[in-house]
Amino acid sequence: QVQLVESGGGSVQPGGSLLLTCAASEYTYSIKFMGWFRQAPGKGLEWVSSIKSDGDITYYADSVKGRFTVSQDKAKKMVYLQMYSLKPEDTALYSCAASPYDMFDSGVNIPNNYNPWGQGTQVTVSS
């Protein structure tokens, strides 16, 4: 099974930026989408962004649209989440996940459509 490892989290001030990286043990035709999710303390899991493996089509939650950019490098087996203009409300544990399903657009934000998941990397935005 594909194993995913996130990195790049840290502490930044509001307005700062971070680049999160998700390294996959393999990036084959079996991965149809890659997604980023986050969970803030005491809150539920929130979808952030997804990218379709074939075609680089990207999807974003309204809360991050225009500030975050998702990308992939299949040769390097990496998925990236570039985050700009970070806000305190972006503070959360960020996890990447792989989906083996050929989903409609309406399904990309549903956690149950993704397996496996990485362990996550913490992002803290505070002054």
# chains A, B, ... in the order shown; residues from 1 in each chain; ligands from 1
>>> residues_around(residues="Gln119 in chain A", least_positions_apart="6", cutoff="8 Å", atoms="only C-alpha atoms", output="compact mmCIF listing (two decimals) with N, CA and C atoms, in the first residue's frame")
# COMPACT_ATOMS: atom_id res chain seq x y z
N LEU A 4 2.44 7.58 2.86
CA LEU A 4 2.53 9.02 2.67
C LEU A 4 3.18 9.67 3.90
N VAL A 5 4.10 10.57 3.65
CA VAL A 5 4.78 11.27 4.74
C VAL A 5 4.77 12.76 4.45
N GLU A 6 4.17 13.52 5.36
CA GLU A 6 4.13 14.97 5.20
C GLU A 6 5.31 15.62 5.91
N SER A 95 -2.85 16.96 6.78
CA SER A 95 -2.57 15.61 6.32
C SER A 95 -2.83 15.48 4.83
>>> residues_around(residues="range 20-33 of chain A", least_positions_apart="3", cutoff="8 Å", atoms="only C-alpha atoms", output="PyMOL selection string")
chain A and resi 2-9+50-54+74+77-83+96+98-102+108
>>> residues_around(residues="Gly44 in chain A", least_positions_apart="4", cutoff="12 Å", atoms="only C-alpha atoms", output="JSON, numbers by chain")
{"A": [37, 38, 39, 40, 92, 93, 111]}
>>> write_last_selection(atoms="N, CA and C atoms", output="CSV table (one decimal), in the first residue's frame")
chain,number,residue,atom,x,y,z
A,37,PHE,N,-6.0,17.7,3.8
A,37,PHE,CA,-7.1,17.9,4.8
A,37,PHE,C,-6.4,18.5,6.0
A,38,ARG,N,-7.2,19.1,6.9
A,38,ARG,CA,-6.6,19.7,8.1
A,38,ARG,C,-7.6,19.5,9.2
A,39,GLN,N,-7.1,19.5,10.4
A,39,GLN,CA,-7.9,19.4,11.6
A,39,GLN,C,-7.4,20.3,12.7
A,40,ALA,N,-8.1,21.3,13.0
A,40,ALA,CA,-7.8,22.2,14.1
A,40,ALA,C,-8.2,21.6,15.5
A,92,ALA,N,-3.6,24.2,12.2
A,92,ALA,CA,-4.2,22.8,12.2
A,92,ALA,C,-3.1,21.8,11.9
A,93,LEU,N,-3.5,20.5,12.1
A,93,LEU,CA,-2.7,19.4,11.6
A,93,LEU,C,-3.1,19.1,10.2
A,111,PRO,N,-13.7,12.9,2.9
A,111,PRO,CA,-12.5,12.1,3.5
A,111,PRO,C,-12.6,10.6,3.2
>>> residues_around(residues="Val12 in chain A", least_positions_apart="4", cutoff="12 Å", atoms="only C-alpha atoms", output="list of chain:residue names")
A:Gly8, A:Gly16, A:Ser17, A:Leu18, A:Leu19, A:Met83, A:Tyr84, A:Ser85, A:Leu86, A:Lys87, A:Pro88, A:Asp90, A:Thr91, A:Gln122, A:Val123, A:Thr124, A:Val125, A:Ser126, A:Ser127
>>> select_by_dssp(residues="range 12-117 of chain A", states="helix (DSSP H, G or I)", output="list of chain:residue names")
A:Pro88, A:Glu89, A:Asp90, A:Asp105, A:Ser106, A:Gly107, A:Pro111, A:Asn112, A:Asn113
>>> write_last_selection(atoms="N, CA, C and O atoms", output="CSV table (one decimal), in the first residue's frame")
chain,number,residue,atom,x,y,z
A,88,PRO,N,-4.4,33.0,11.5
A,88,PRO,CA,-4.5,32.2,12.7
A,88,PRO,C,-5.5,31.0,12.5
A,88,PRO,O,-5.3,29.9,13.1
A,89,GLU,N,-6.5,31.2,11.8
A,89,GLU,CA,-7.5,30.1,11.6
A,89,GLU,C,-7.0,29.0,10.7
A,89,GLU,O,-7.7,28.0,10.5
A,90,ASP,N,-5.9,29.2,10.1
A,90,ASP,CA,-5.2,28.1,9.3
A,90,ASP,C,-4.5,27.1,10.2
A,90,ASP,O,-4.0,26.1,9.7
A,105,ASP,N,-16.3,15.6,-9.5
A,105,ASP,CA,-15.8,16.8,-8.7
A,105,ASP,C,-16.4,16.9,-7.3
A,105,ASP,O,-15.8,17.3,-6.4
A,106,SER,N,-17.6,16.5,-7.2
A,106,SER,CA,-18.4,16.6,-6.0
A,106,SER,C,-17.8,15.7,-4.9
A,106,SER,O,-18.2,15.8,-3.7
A,107,GLY,N,-17.0,14.7,-5.3
A,107,GLY,CA,-16.5,13.8,-4.3
A,107,GLY,C,-15.1,14.1,-3.7
A,107,GLY,O,-14.6,13.4,-2.8
A,111,PRO,N,-13.7,12.9,2.9
A,111,PRO,CA,-12.5,12.1,3.5
A,111,PRO,C,-12.6,10.6,3.2
A,111,PRO,O,-11.6,10.0,3.0
A,112,ASN,N,-13.8,10.1,3.2
A,112,ASN,CA,-13.9,8.6,3.0
A,112,ASN,C,-13.5,8.2,1.7
A,112,ASN,O,-13.4,7.0,1.4
A,113,ASN,N,-13.4,9.1,0.7
A,113,ASN,CA,-12.9,8.7,-0.6
A,113,ASN,C,-11.4,8.6,-0.7
A,113,ASN,O,-10.9,8.3,-1.8
>>> atom_distance(atom1="CA of Val64 in chain A", atom2="CA of Ser49 in chain A")
8.3 Å
>>> closest_residue(among="A:Ala75, A:Val48, A:Asp56, A:Pro116", to="Trp36 in chain A", atoms="only C-alpha atoms")
A:Val48
